[in-house]
Amino acid sequence: MLSESTPMRTTPDHLLGQLGIHDVLESDDRFVLEMENRPDLANTRGALQGGLVATLIDIAAGRLAERHVGPGQSVTTADMTVHFLAPVVVGPARAEATIVRAGKRMIVTAVDVTDVGRDRLAARSTLSFAVLDPR
């Protein structure tokens, strides 16, 4: 089980906080975010909107990738592939990002999204981030 004592970095008044996205676990090799499935975020079948699942994936992966760049560098999403496997109908949706490869110019991550309430894999994703030098 993941630590529930990890402080929440997303502030409630920020858009991500309003969407119910919050930090669960942060380390150099793993980053975990969760998002509740609420009626205002669900599609007509009651599942979390796919675009919001993709947003959750991108944020988790990007925040992990940022931990692997040098001073003054940043990252930007270069490529993202999402395989939607099952709907998130109970929630929360938990996105767990891991590093596949961290190079000098490109960082590749993998993200699995689970519907925690059903203990079911909902999506699997791979993302590539370009490493940007300071301006």
# chains A, B, ... in the order shown; residues from 1 in each chain; ligands from 1
>>> select_by_dssp(residues="chain A", states="helix (DSSP H, G or I)", output="PDB file with N, CA, C and O atoms, in the first residue's frame")
ATOM      1  N   LEU A  15      -6.093  24.537 -10.940  1.00  0.00           N
ATOM      2  CA  LEU A  15      -6.967  23.721 -11.787  1.00  0.00           C
ATOM      3  C   LEU A  15      -6.828  22.231 -11.485  1.00  0.00           C
ATOM      4  O   LEU A  15      -7.814  21.512 -11.396  1.00  0.00           O
ATOM      5  N   LEU A  16      -5.582  21.773 -11.287  1.00  0.00           N
ATOM      6  CA  LEU A  16      -5.376  20.347 -11.007  1.00  0.00           C
ATOM      7  C   LEU A  16      -6.025  19.961  -9.674  1.00  0.00           C
ATOM      8  O   LEU A  16      -6.582  18.875  -9.542  1.00  0.00           O
ATOM      9  N   GLY A  17      -5.944  20.847  -8.708  1.00  0.00           N
ATOM     10  CA  GLY A  17      -6.601  20.597  -7.426  1.00  0.00           C
ATOM     11  C   GLY A  17      -8.117  20.575  -7.576  1.00  0.00           C
ATOM     12  O   GLY A  17      -8.802  19.764  -6.961  1.00  0.00           O
ATOM     13  N   GLN A  18      -8.645  21.454  -8.404  1.00  0.00           N
ATOM     14  CA  GLN A  18     -10.087  21.478  -8.651  1.00  0.00           C
ATOM     15  C   GLN A  18     -10.545  20.199  -9.348  1.00  0.00           C
ATOM     16  O   GLN A  18     -11.679  19.757  -9.173  1.00  0.00           O
ATOM     17  N   PRO A  39     -19.012  12.764 -10.551  1.00  0.00           N
ATOM     18  CA  PRO A  39     -20.013  12.938 -11.617  1.00  0.00           C
ATOM     19  C   PRO A  39     -19.668  14.054 -12.603  1.00  0.00           C
ATOM     20  O   PRO A  39     -19.924  13.920 -13.802  1.00  0.00           O
ATOM     21  N   ASP A  40     -19.057  15.146 -12.136  1.00  0.00           N
ATOM     22  CA  ASP A  40     -18.738  16.248 -13.039  1.00  0.00           C
ATOM     23  C   ASP A  40     -17.520  15.966 -13.910  1.00  0.00           C
ATOM     24  O   ASP A  40     -17.211  16.735 -14.823  1.00  0.00           O
ATOM     25  N   LEU A  41     -16.823  14.854 -13.656  1.00  0.00           N
ATOM     26  CA  LEU A  41     -15.655  14.476 -14.458  1.00  0.00           C
ATOM     27  C   LEU A  41     -15.908  13.216 -15.284  1.00  0.00           C
ATOM     28  O   LEU A  41     -15.033  12.762 -16.007  1.00  0.00           O
ATOM     29  N   GLY A  50     -11.785  10.027 -20.733  1.00  0.00           N
ATOM     30  CA  GLY A  50     -10.492   9.570 -21.238  1.00  0.00           C
ATOM     31  C   GLY A  50      -9.463  10.674 -21.342  1.00  0.00           C
ATOM     32  O   GLY A  50      -8.276  10.466 -21.077  1.00  0.00           O
ATOM     33  N   GLY A  51      -9.874  11.867 -21.711  1.00  0.00           N
ATOM     34  CA  GLY A  51      -8.948  12.989 -21.793  1.00  0.00           C
ATOM     35  C   GLY A  51      -8.373  13.359 -20.439  1.00  0.00           C
ATOM     36  O   GLY A  51      -7.216  13.777 -20.335  1.00  0.00           O
ATOM     37  N   LEU A  52      -9.173  13.193 -19.387  1.00  0.00           N
ATOM     38  CA  LEU A  52      -8.671  13.459 -18.037  1.00  0.00           C
ATOM     39  C   LEU A  52      -7.701  12.375 -17.590  1.00  0.00           C
ATOM     40  O   LEU A  52      -6.719  12.664 -16.898  1.00  0.00           O
ATOM     41  N   VAL A  53      -7.957  11.140 -18.010  1.00  0.00           N
ATOM     42  CA  VAL A  53      -7.010  10.055 -17.714  1.00  0.00           C
ATOM     43  C   VAL A  53      -5.683  10.351 -18.407  1.00  0.00           C
ATOM     44  O   VAL A  53      -4.610  10.215 -17.811  1.00  0.00           O
ATOM     45  N   ALA A  54      -5.737  10.806 -19.660  1.00  0.00           N
ATOM     46  CA  ALA A  54      -4.519  11.149 -20.397  1.00  0.00           C
ATOM     47  C   ALA A  54      -3.784  12.317 -19.734  1.00  0.00           C
ATOM     48  O   ALA A  54      -2.551  12.325 -19.655  1.00  0.00           O
ATOM     49  N   THR A  55      -4.528  13.287 -19.228  1.00  0.00           N
ATOM     50  CA  THR A  55      -3.921  14.416 -18.517  1.00  0.00           C
ATOM     51  C   THR A  55      -3.224  13.938 -17.252  1.00  0.00           C
ATOM     52  O   THR A  55      -2.093  14.346 -16.957  1.00  0.00           O
ATOM     53  N   LEU A  56      -3.873  13.061 -16.504  1.00  0.00           N
ATOM     54  CA  LEU A  56      -3.285  12.495 -15.284  1.00  0.00           C
ATOM     55  C   LEU A  56      -1.979  11.776 -15.620  1.00  0.00           C
ATOM     56  O   LEU A  56      -0.969  11.928 -14.923  1.00  0.00           O
ATOM     57  N   ILE A  57      -1.983  11.012 -16.700  1.00  0.00           N
ATOM     58  CA  ILE A  57      -0.785  10.287 -17.145  1.00  0.00           C
ATOM     59  C   ILE A  57       0.341  11.262 -17.472  1.00  0.00           C
ATOM     60  O   ILE A  57       1.478  11.098 -17.023  1.00  0.00           O
ATOM     61  N   ASP A  58       0.044  12.298 -18.247  1.00  0.00           N
ATOM     62  CA  ASP A  58       1.056  13.257 -18.671  1.00  0.00           C
ATOM     63  C   ASP A  58       1.656  13.996 -17.475  1.00  0.00           C
ATOM     64  O   ASP A  58       2.871  14.215 -17.416  1.00  0.00           O
ATOM     65  N   ILE A  59       0.844  14.357 -16.515  1.00  0.00           N
ATOM     66  CA  ILE A  59       1.340  15.077 -15.343  1.00  0.00           C
ATOM     67  C   ILE A  59       2.239  14.175 -14.498  1.00  0.00           C
ATOM     68  O   ILE A  59       3.331  14.587 -14.086  1.00  0.00           O
ATOM     69  N   ALA A  60       1.802  12.947 -14.241  1.00  0.00           N
ATOM     70  CA  ALA A  60       2.611  12.026 -13.429  1.00  0.00           C
ATOM     71  C   ALA A  60       3.959  11.763 -14.094  1.00  0.00           C
ATOM     72  O   ALA A  60       5.015  11.841 -13.452  1.00  0.00           O
ATOM     73  N   ALA A  61       3.944  11.478 -15.393  1.00  0.00           N
ATOM     74  CA  ALA A  61       5.183  11.180 -16.114  1.00  0.00           C
ATOM     75  C   ALA A  61       6.089  12.400 -16.194  1.00  0.00           C
ATOM     76  O   ALA A  61       7.304  12.300 -16.004  1.00  0.00           O
ATOM     77  N   GLY A  62       5.511  13.554 -16.467  1.00  0.00           N
ATOM     78  CA  GLY A  62       6.297  14.773 -16.583  1.00  0.00           C
ATOM     79  C   GLY A  62       6.949  15.175 -15.273  1.00  0.00           C
ATOM     80  O   GLY A  62       8.114  15.601 -15.248  1.00  0.00           O
ATOM     81  N   ARG A  63       6.223  15.037 -14.190  1.00  0.00           N
ATOM     82  CA  ARG A  63       6.803  15.389 -12.890  1.00  0.00           C
ATOM     83  C   ARG A  63       7.935  14.435 -12.513  1.00  0.00           C
ATOM     84  O   ARG A  63       8.914  14.839 -11.904  1.00  0.00           O
ATOM     85  N   LEU A  64       7.800  13.161 -12.901  1.00  0.00           N
ATOM     86  CA  LEU A  64       8.895  12.225 -12.650  1.00  0.00           C
ATOM     87  C   LEU A  64      10.092  12.549 -13.540  1.00  0.00           C
ATOM     88  O   LEU A  64      11.234  12.583 -13.081  1.00  0.00           O
ATOM     89  N   ALA A  65       9.848  12.820 -14.809  1.00  0.00           N
ATOM     90  CA  ALA A  65      10.936  13.135 -15.745  1.00  0.00           C
ATOM     91  C   ALA A  65      11.712  14.366 -15.290  1.00  0.00           C
ATOM     92  O   ALA A  65      12.942  14.413 -15.421  1.00  0.00           O
ATOM     93  N   GLU A  66      11.020  15.362 -14.733  1.00  0.00           N
ATOM     94  CA  GLU A  66      11.680  16.580 -14.249  1.00  0.00           C
ATOM     95  C   GLU A  66      12.736  16.284 -13.189  1.00  0.00           C
ATOM     96  O   GLU A  66      13.671  17.052 -13.018  1.00  0.00           O
TER      97      GLU A  66
END
>>> select_by_dssp(residues="segment 40-130 of chain A", states="strand (DSSP E)", output="MDAnalysis selection string")
chainID A and resid 74:84 93:102 106:115 120:130
>>> atom_distance(atom1="atom CA of Ala78 of chain A", atom2="atom CA of Arg101 of chain A")
14.4 Å
>>> residues_around(residues="Thr126 of chain A", least_positions_apart="5", cutoff="10 Å", atoms="only C-alpha atoms", output="short mmCIF file (atom, residue, chain, number, x, y, z; two decimals) with all heavy atoms, in the first residue's frame")
data_model
loop_
_atom_site.label_atom_id
_atom_site.label_comp_id
_atom_site.auth_asym_id
_atom_site.auth_seq_id
_atom_site.Cartn_x
_atom_site.Cartn_y
_atom_site.Cartn_z
N ILE A 57 -1.98 11.01 -16.70
CA ILE A 57 -0.79 10.29 -17.14
C ILE A 57 0.34 11.26 -17.47
O ILE A 57 1.48 11.10 -17.02
CB ILE A 57 -1.12 9.42 -18.38
CG1 ILE A 57 -2.00 8.24 -17.98
CG2 ILE A 57 0.14 8.95 -19.09
CD1 ILE A 57 -2.64 7.51 -19.16
N ASP A 58 0.04 12.30 -18.25
CA ASP A 58 1.06 13.26 -18.67
C ASP A 58 1.66 14.00 -17.47
O ASP A 58 2.87 14.21 -17.42
CB ASP A 58 0.45 14.24 -19.66
CG ASP A 58 1.48 15.11 -20.37
OD1 ASP A 58 2.58 14.61 -20.67
OD2 ASP A 58 1.17 16.29 -20.63
N ALA A 61 3.94 11.48 -15.39
CA ALA A 61 5.18 11.18 -16.11
C ALA A 61 6.09 12.40 -16.19
O ALA A 61 7.30 12.30 -16.00
CB ALA A 61 4.85 10.66 -17.51
N ASP A 79 6.20 12.73 -27.11
CA ASP A 79 5.37 11.66 -27.66
C ASP A 79 4.64 10.99 -26.50
O ASP A 79 5.20 10.81 -25.42
CB ASP A 79 6.25 10.64 -28.39
CG ASP A 79 5.44 9.54 -29.02
OD1 ASP A 79 4.72 9.82 -30.00
OD2 ASP A 79 5.50 8.40 -28.51
N MET A 80 3.39 10.61 -26.78
CA MET A 80 2.59 9.95 -25.75
C MET A 80 1.67 8.92 -26.42
O MET A 80 0.93 9.26 -27.34
CB MET A 80 1.75 10.98 -24.99
CG MET A 80 0.85 10.42 -23.94
SD MET A 80 0.13 11.83 -23.03
CE MET A 80 -1.20 11.03 -22.21
N THR A 81 1.76 7.69 -25.97
CA THR A 81 0.88 6.64 -26.45
C THR A 81 0.10 6.10 -25.26
O THR A 81 0.70 5.74 -24.24
CB THR A 81 1.69 5.49 -27.08
OG1 THR A 81 2.46 6.01 -28.16
CG2 THR A 81 0.78 4.39 -27.59
N VAL A 82 -1.21 6.07 -25.39
CA VAL A 82 -2.06 5.58 -24.30
C VAL A 82 -2.90 4.42 -24.82
O VAL A 82 -3.55 4.54 -25.87
CB VAL A 82 -3.01 6.67 -23.75
CG1 VAL A 82 -3.86 6.12 -22.62
CG2 VAL A 82 -2.24 7.89 -23.31
N HIS A 83 -2.87 3.32 -24.11
CA HIS A 83 -3.75 2.20 -24.40
C HIS A 83 -4.80 2.15 -23.29
O HIS A 83 -4.49 1.86 -22.14
CB HIS A 83 -2.96 0.88 -24.43
CG HIS A 83 -1.92 0.86 -25.49
ND1 HIS A 83 -2.19 0.58 -26.81
CD2 HIS A 83 -0.59 1.12 -25.44
CE1 HIS A 83 -1.09 0.65 -27.51
NE2 HIS A 83 -0.10 0.99 -26.70
N ALA A 97 3.90 6.34 -12.40
CA ALA A 97 4.91 6.57 -13.44
C ALA A 97 6.26 6.01 -13.00
O ALA A 97 6.64 6.14 -11.83
CB ALA A 97 5.05 8.06 -13.71
N THR A 98 6.97 5.39 -13.95
CA THR A 98 8.32 4.90 -13.71
C THR A 98 9.20 5.32 -14.89
O THR A 98 8.71 5.59 -15.99
CB THR A 98 8.36 3.36 -13.57
OG1 THR A 98 7.78 2.77 -14.74
CG2 THR A 98 7.61 2.89 -12.33
N ILE A 99 10.50 5.35 -14.64
CA ILE A 99 11.47 5.70 -15.68
C ILE A 99 11.83 4.45 -16.47
O ILE A 99 12.17 3.42 -15.88
CB ILE A 99 12.74 6.32 -15.07
CG1 ILE A 99 12.43 7.66 -14.41
CG2 ILE A 99 13.85 6.46 -16.10
CD1 ILE A 99 12.08 8.78 -15.38
N VAL A 100 11.76 4.53 -17.79
CA VAL A 100 12.23 3.45 -18.66
C VAL A 100 13.69 3.72 -19.02
O VAL A 100 14.53 2.83 -18.93
CB VAL A 100 11.36 3.35 -19.93
CG1 VAL A 100 11.94 2.33 -20.90
CG2 VAL A 100 9.92 3.02 -19.57
N VAL A 108 12.35 8.59 -21.29
CA VAL A 108 11.20 7.75 -21.61
C VAL A 108 10.62 7.23 -20.29
O VAL A 108 11.35 6.74 -19.43
CB VAL A 108 11.59 6.58 -22.53
CG1 VAL A 108 10.39 5.69 -22.84
CG2 VAL A 108 12.23 7.10 -23.81
N THR A 109 9.30 7.35 -20.18
CA THR A 109 8.61 6.88 -18.97
C THR A 109 7.50 5.91 -19.34
O THR A 109 7.05 5.87 -20.49
CB THR A 109 7.96 8.06 -18.21
OG1 THR A 109 6.98 8.66 -19.05
CG2 THR A 109 9.00 9.10 -17.80
N ALA A 110 7.07 5.14 -18.36
CA ALA A 110 5.90 4.26 -18.50
C ALA A 110 4.94 4.63 -17.38
O ALA A 110 5.36 4.94 -16.27
CB ALA A 110 6.32 2.80 -18.39
N VAL A 111 3.65 4.60 -17.69
CA VAL A 111 2.63 4.91 -16.68
C VAL A 111 1.52 3.88 -16.77
O VAL A 111 0.98 3.61 -17.84
CB VAL A 111 2.03 6.32 -16.89
CG1 VAL A 111 0.99 6.62 -15.81
CG2 VAL A 111 3.12 7.39 -16.89
N ASP A 112 1.20 3.30 -15.62
CA ASP A 112 0.03 2.43 -15.49
C ASP A 112 -1.03 3.16 -14.68
O ASP A 112 -0.72 3.76 -13.65
CB ASP A 112 0.38 1.12 -14.78
CG ASP A 112 1.08 0.12 -15.68
OD1 ASP A 112 1.06 0.31 -16.91
OD2 ASP A 112 1.63 -0.85 -15.15
#
>>> residues_around(residues="Val32 of chain A", least_positions_apart="6", cutoff="6 Å", atoms="only C-alpha atoms", output="PyMOL selection string")
chain A and resi 24-25+95-96
>>> write_last_selection(atoms="all heavy atoms", output="PDB file, in the first residue's frame")
ATOM      1  N   VAL A  24       0.402  11.212  -4.312  1.00  0.00           N
ATOM      2  CA  VAL A  24       0.345  10.084  -3.388  1.00  0.00           C
ATOM      3  C   VAL A  24       1.753   9.687  -2.970  1.00  0.00           C
ATOM      4  O   VAL A  24       2.025   9.458  -1.803  1.00  0.00           O
ATOM      5  CB  VAL A  24      -0.395   8.883  -4.022  1.00  0.00           C
ATOM      6  CG1 VAL A  24      -0.363   7.675  -3.099  1.00  0.00           C
ATOM      7  CG2 VAL A  24      -1.822   9.265  -4.363  1.00  0.00           C
ATOM      8  N   LEU A  25       2.671   9.617  -3.940  1.00  0.00           N
ATOM      9  CA  LEU A  25       4.041   9.186  -3.649  1.00  0.00           C
ATOM     10  C   LEU A  25       4.983   9.834  -4.645  1.00  0.00           C
ATOM     11  O   LEU A  25       4.676   9.913  -5.831  1.00  0.00           O
ATOM     12  CB  LEU A  25       4.142   7.661  -3.763  1.00  0.00           C
ATOM     13  CG  LEU A  25       5.511   7.096  -3.457  1.00  0.00           C
ATOM     14  CD1 LEU A  25       5.523   6.562  -2.032  1.00  0.00           C
ATOM     15  CD2 LEU A  25       5.847   5.981  -4.424  1.00  0.00           C
ATOM     16  N   ALA A  95      -2.353   6.869 -11.146  1.00  0.00           N
ATOM     17  CA  ALA A  95      -1.330   6.835 -12.190  1.00  0.00           C
ATOM     18  C   ALA A  95       0.021   6.640 -11.532  1.00  0.00           C
ATOM     19  O   ALA A  95       0.440   7.459 -10.715  1.00  0.00           O
ATOM     20  CB  ALA A  95      -1.341   8.132 -12.995  1.00  0.00           C
ATOM     21  N   GLU A  96       0.703   5.555 -11.902  1.00  0.00           N
ATOM     22  CA  GLU A  96       2.021   5.259 -11.358  1.00  0.00           C
ATOM     23  C   GLU A  96       3.038   5.322 -12.478  1.00  0.00           C
ATOM     24  O   GLU A  96       3.037   4.499 -13.386  1.00  0.00           O
ATOM     25  CB  GLU A  96       2.039   3.888 -10.701  1.00  0.00           C
ATOM     26  CG  GLU A  96       3.366   3.577 -10.060  1.00  0.00           C
ATOM     27  CD  GLU A  96       3.344   2.327  -9.208  1.00  0.00           C
ATOM     28  OE1 GLU A  96       2.258   1.876  -8.817  1.00  0.00           O
ATOM     29  OE2 GLU A  96       4.440   1.793  -8.945  1.00  0.00           O
TER      30      GLU A  96
END
>>> closest_residue(among="A:Arg124, A:His14, A:Arg135, A:Lys104", to="Gly70 of chain A", atoms="only C-alpha atoms")
A:Lys104
>>> closest_residue(among="A:Ala47, A:Met35, A:Val116, A:Ile107", to="Thr77 of chain A", atoms="only C-alpha atoms")
A:Ile107
>>> atom_distance(atom1="atom CA of Gly91 of chain A", atom2="atom CA of Thr44 of chain A")
15.9 Å
>>> residues_around(residues="Val88 of chain A", least_positions_apart="6", cutoff="12 Å", atoms="only C-alpha atoms", output="PyMOL selection string")
chain A and resi 34-38+41-43+45-50+52-53+94-95+113-123
>>> write_last_selection(atoms="N, CA and C atoms", output="PDB file, in the first residue's frame")
ATOM      1  N   GLU A  34      -3.218  10.547  -7.913  1.00  0.00           N
ATOM      2  CA  GLU A  34      -4.575  10.011  -7.961  1.00  0.00           C
ATOM      3  C   GLU A  34      -5.563  11.101  -8.341  1.00  0.00           C
ATOM      4  N   MET A  35      -6.682  10.650  -8.916  1.00  0.00           N
ATOM      5  CA  MET A  35      -7.772  11.540  -9.291  1.00  0.00           C
ATOM      6  C   MET A  35      -9.079  10.823  -9.014  1.00  0.00           C
ATOM      7  N   GLU A  36      -9.954  11.480  -8.293  1.00  0.00           N
ATOM      8  CA  GLU A  36     -11.258  10.887  -7.986  1.00  0.00           C
ATOM      9  C   GLU A  36     -12.122  10.831  -9.246  1.00  0.00           C
ATOM     10  N   ASN A  37     -13.018   9.856  -9.303  1.00  0.00           N
ATOM     11  CA  ASN A  37     -14.023   9.819 -10.361  1.00  0.00           C
ATOM     12  C   ASN A  37     -15.281  10.446  -9.768  1.00  0.00           C
ATOM     13  N   ARG A  38     -15.584  11.666 -10.192  1.00  0.00           N
ATOM     14  CA  ARG A  38     -16.748  12.396  -9.706  1.00  0.00           C
ATOM     15  C   ARG A  38     -17.732  12.560 -10.857  1.00  0.00           C
ATOM     16  N   LEU A  41     -16.823  14.854 -13.656  1.00  0.00           N
ATOM     17  CA  LEU A  41     -15.655  14.476 -14.458  1.00  0.00           C
ATOM     18  C   LEU A  41     -15.908  13.216 -15.284  1.00  0.00           C
ATOM     19  N   ALA A  42     -17.094  12.660 -15.157  1.00  0.00           N
ATOM     20  CA  ALA A  42     -17.420  11.382 -15.794  1.00  0.00           C
ATOM     21  C   ALA A  42     -18.111  11.584 -17.142  1.00  0.00           C
ATOM     22  N   ASN A  43     -17.997  10.561 -17.980  1.00  0.00           N
ATOM     23  CA  ASN A  43     -18.712  10.574 -19.249  1.00  0.00           C
ATOM     24  C   ASN A  43     -20.142  10.071 -19.022  1.00  0.00           C
ATOM     25  N   ARG A  45     -21.433   7.293 -19.399  1.00  0.00           N
ATOM     26  CA  ARG A  45     -21.505   5.935 -18.838  1.00  0.00           C
ATOM     27  C   ARG A  45     -21.016   5.885 -17.391  1.00  0.00           C
ATOM     28  N   GLY A  46     -20.619   7.053 -16.852  1.00  0.00           N
ATOM     29  CA  GLY A  46     -20.168   7.115 -15.471  1.00  0.00           C
ATOM     30  C   GLY A  46     -18.683   6.885 -15.268  1.00  0.00           C
ATOM     31  N   ALA A  47     -17.942   6.731 -16.350  1.00  0.00           N
ATOM     32  CA  ALA A  47     -16.494   6.506 -16.264  1.00  0.00           C
ATOM     33  C   ALA A  47     -15.753   7.838 -16.362  1.00  0.00           C
ATOM     34  N   LEU A  48     -14.595   7.905 -15.744  1.00  0.00           N
ATOM     35  CA  LEU A  48     -13.753   9.093 -15.827  1.00  0.00           C
ATOM     36  C   LEU A  48     -13.432   9.372 -17.293  1.00  0.00           C
ATOM     37  N   GLN A  49     -13.568  10.627 -17.720  1.00  0.00           N
ATOM     38  CA  GLN A  49     -13.313  11.009 -19.106  1.00  0.00           C
ATOM     39  C   GLN A  49     -11.907  10.588 -19.543  1.00  0.00           C
ATOM     40  N   GLY A  50     -11.785  10.027 -20.733  1.00  0.00           N
ATOM     41  CA  GLY A  50     -10.492   9.570 -21.238  1.00  0.00           C
ATOM     42  C   GLY A  50      -9.463  10.674 -21.342  1.00  0.00           C
ATOM     43  N   LEU A  52      -9.173  13.193 -19.387  1.00  0.00           N
ATOM     44  CA  LEU A  52      -8.671  13.459 -18.037  1.00  0.00           C
ATOM     45  C   LEU A  52      -7.701  12.375 -17.590  1.00  0.00           C
ATOM     46  N   VAL A  53      -7.957  11.140 -18.010  1.00  0.00           N
ATOM     47  CA  VAL A  53      -7.010  10.055 -17.714  1.00  0.00           C
ATOM     48  C   VAL A  53      -5.683  10.351 -18.407  1.00  0.00           C
ATOM     49  N   ARG A  94      -5.475   5.854 -10.220  1.00  0.00           N
ATOM     50  CA  ARG A  94      -4.102   6.005  -9.709  1.00  0.00           C
ATOM     51  C   ARG A  94      -3.134   5.826 -10.864  1.00  0.00           C
ATOM     52  N   ALA A  95      -2.353   6.869 -11.146  1.00  0.00           N
ATOM     53  CA  ALA A  95      -1.330   6.835 -12.190  1.00  0.00           C
ATOM     54  C   ALA A  95       0.021   6.640 -11.532  1.00  0.00           C
ATOM     55  N   VAL A 113      -2.263   3.121 -15.160  1.00  0.00           N
ATOM     56  CA  VAL A 113      -3.381   3.731 -14.441  1.00  0.00           C
ATOM     57  C   VAL A 113      -4.294   2.607 -13.968  1.00  0.00           C
ATOM     58  N   THR A 114      -4.586   2.630 -12.685  1.00  0.00           N
ATOM     59  CA  THR A 114      -5.435   1.611 -12.074  1.00  0.00           C
ATOM     60  C   THR A 114      -6.704   2.244 -11.525  1.00  0.00           C
ATOM     61  N   ASP A 115      -7.841   1.579 -11.715  1.00  0.00           N
ATOM     62  CA  ASP A 115      -9.070   1.946 -11.012  1.00  0.00           C
ATOM     63  C   ASP A 115      -8.949   1.298  -9.639  1.00  0.00           C
ATOM     64  N   VAL A 116      -8.552   2.082  -8.651  1.00  0.00           N
ATOM     65  CA  VAL A 116      -8.251   1.556  -7.324  1.00  0.00           C
ATOM     66  C   VAL A 116      -9.450   0.824  -6.724  1.00  0.00           C
ATOM     67  N   GLY A 117     -10.630   1.374  -6.888  1.00  0.00           N
ATOM     68  CA  GLY A 117     -11.836   0.772  -6.308  1.00  0.00           C
ATOM     69  C   GLY A 117     -12.150  -0.609  -6.852  1.00  0.00           C
ATOM     70  N   ARG A 118     -11.708  -0.878  -8.069  1.00  0.00           N
ATOM     71  CA  ARG A 118     -11.925  -2.205  -8.660  1.00  0.00           C
ATOM     72  C   ARG A 118     -10.642  -3.009  -8.752  1.00  0.00           C
ATOM     73  N   ASP A 119      -9.506  -2.412  -8.358  1.00  0.00           N
ATOM     74  CA  ASP A 119      -8.205  -3.051  -8.461  1.00  0.00           C
ATOM     75  C   ASP A 119      -8.004  -3.607  -9.874  1.00  0.00           C
ATOM     76  N   ARG A 120      -8.220  -2.725 -10.861  1.00  0.00           N
ATOM     77  CA  ARG A 120      -8.183  -3.137 -12.268  1.00  0.00           C
ATOM     78  C   ARG A 120      -7.334  -2.157 -13.077  1.00  0.00           C
ATOM     79  N   LEU A 121      -6.444  -2.696 -13.904  1.00  0.00           N
ATOM     80  CA  LEU A 121      -5.637  -1.869 -14.781  1.00  0.00           C
ATOM     81  C   LEU A 121      -6.548  -1.209 -15.814  1.00  0.00           C
ATOM     82  N   ALA A 122      -6.502   0.115 -15.866  1.00  0.00           N
ATOM     83  CA  ALA A 122      -7.387   0.865 -16.757  1.00  0.00           C
ATOM     84  C   ALA A 122      -6.671   1.388 -17.994  1.00  0.00           C
ATOM     85  N   ALA A 123      -5.378   1.687 -17.868  1.00  0.00           N
ATOM     86  CA  ALA A 123      -4.617   2.213 -19.009  1.00  0.00           C
ATOM     87  C   ALA A 123      -3.135   1.937 -18.812  1.00  0.00           C
TER      88      ALA A 123
END
>>> atom_distance(atom1="atom CA of Phe31 of chain A", atom2="atom CA of Arg105 of chain A")
20.7 Å
>>> decode(residues="segment 79-99 of chain A", atoms="C-alpha atoms", output="compact mmCIF listing (two decimals), in the first residue's frame")
# COMPACT_ATOMS: atom_id res chain seq x y z
CA ASP A 79 5.37 11.66 -27.66
CA MET A 80 2.59 9.95 -25.75
CA THR A 81 0.88 6.64 -26.45
CA VAL A 82 -2.06 5.58 -24.30
CA HIS A 83 -3.75 2.20 -24.40
CA PHE A 84 -7.14 2.45 -22.69
CA LEU A 85 -7.85 -1.03 -21.32
CA ALA A 86 -10.86 -0.55 -19.01
CA PRO A 87 -12.93 2.38 -17.76
CA VAL A 88 -12.32 4.00 -14.39
CA VAL A 89 -15.82 3.68 -12.93
CA VAL A 90 -15.20 3.49 -9.18
CA GLY A 91 -11.94 5.31 -8.64
CA PRO A 92 -9.82 6.87 -7.71
CA ALA A 93 -7.69 6.61 -10.83
CA ARG A 94 -4.10 6.00 -9.71
CA ALA A 95 -1.33 6.83 -12.19
CA GLU A 96 2.02 5.26 -11.36
CA ALA A 97 4.91 6.57 -13.44
CA THR A 98 8.32 4.90 -13.71
CA ILE A 99 11.47 5.70 -15.68
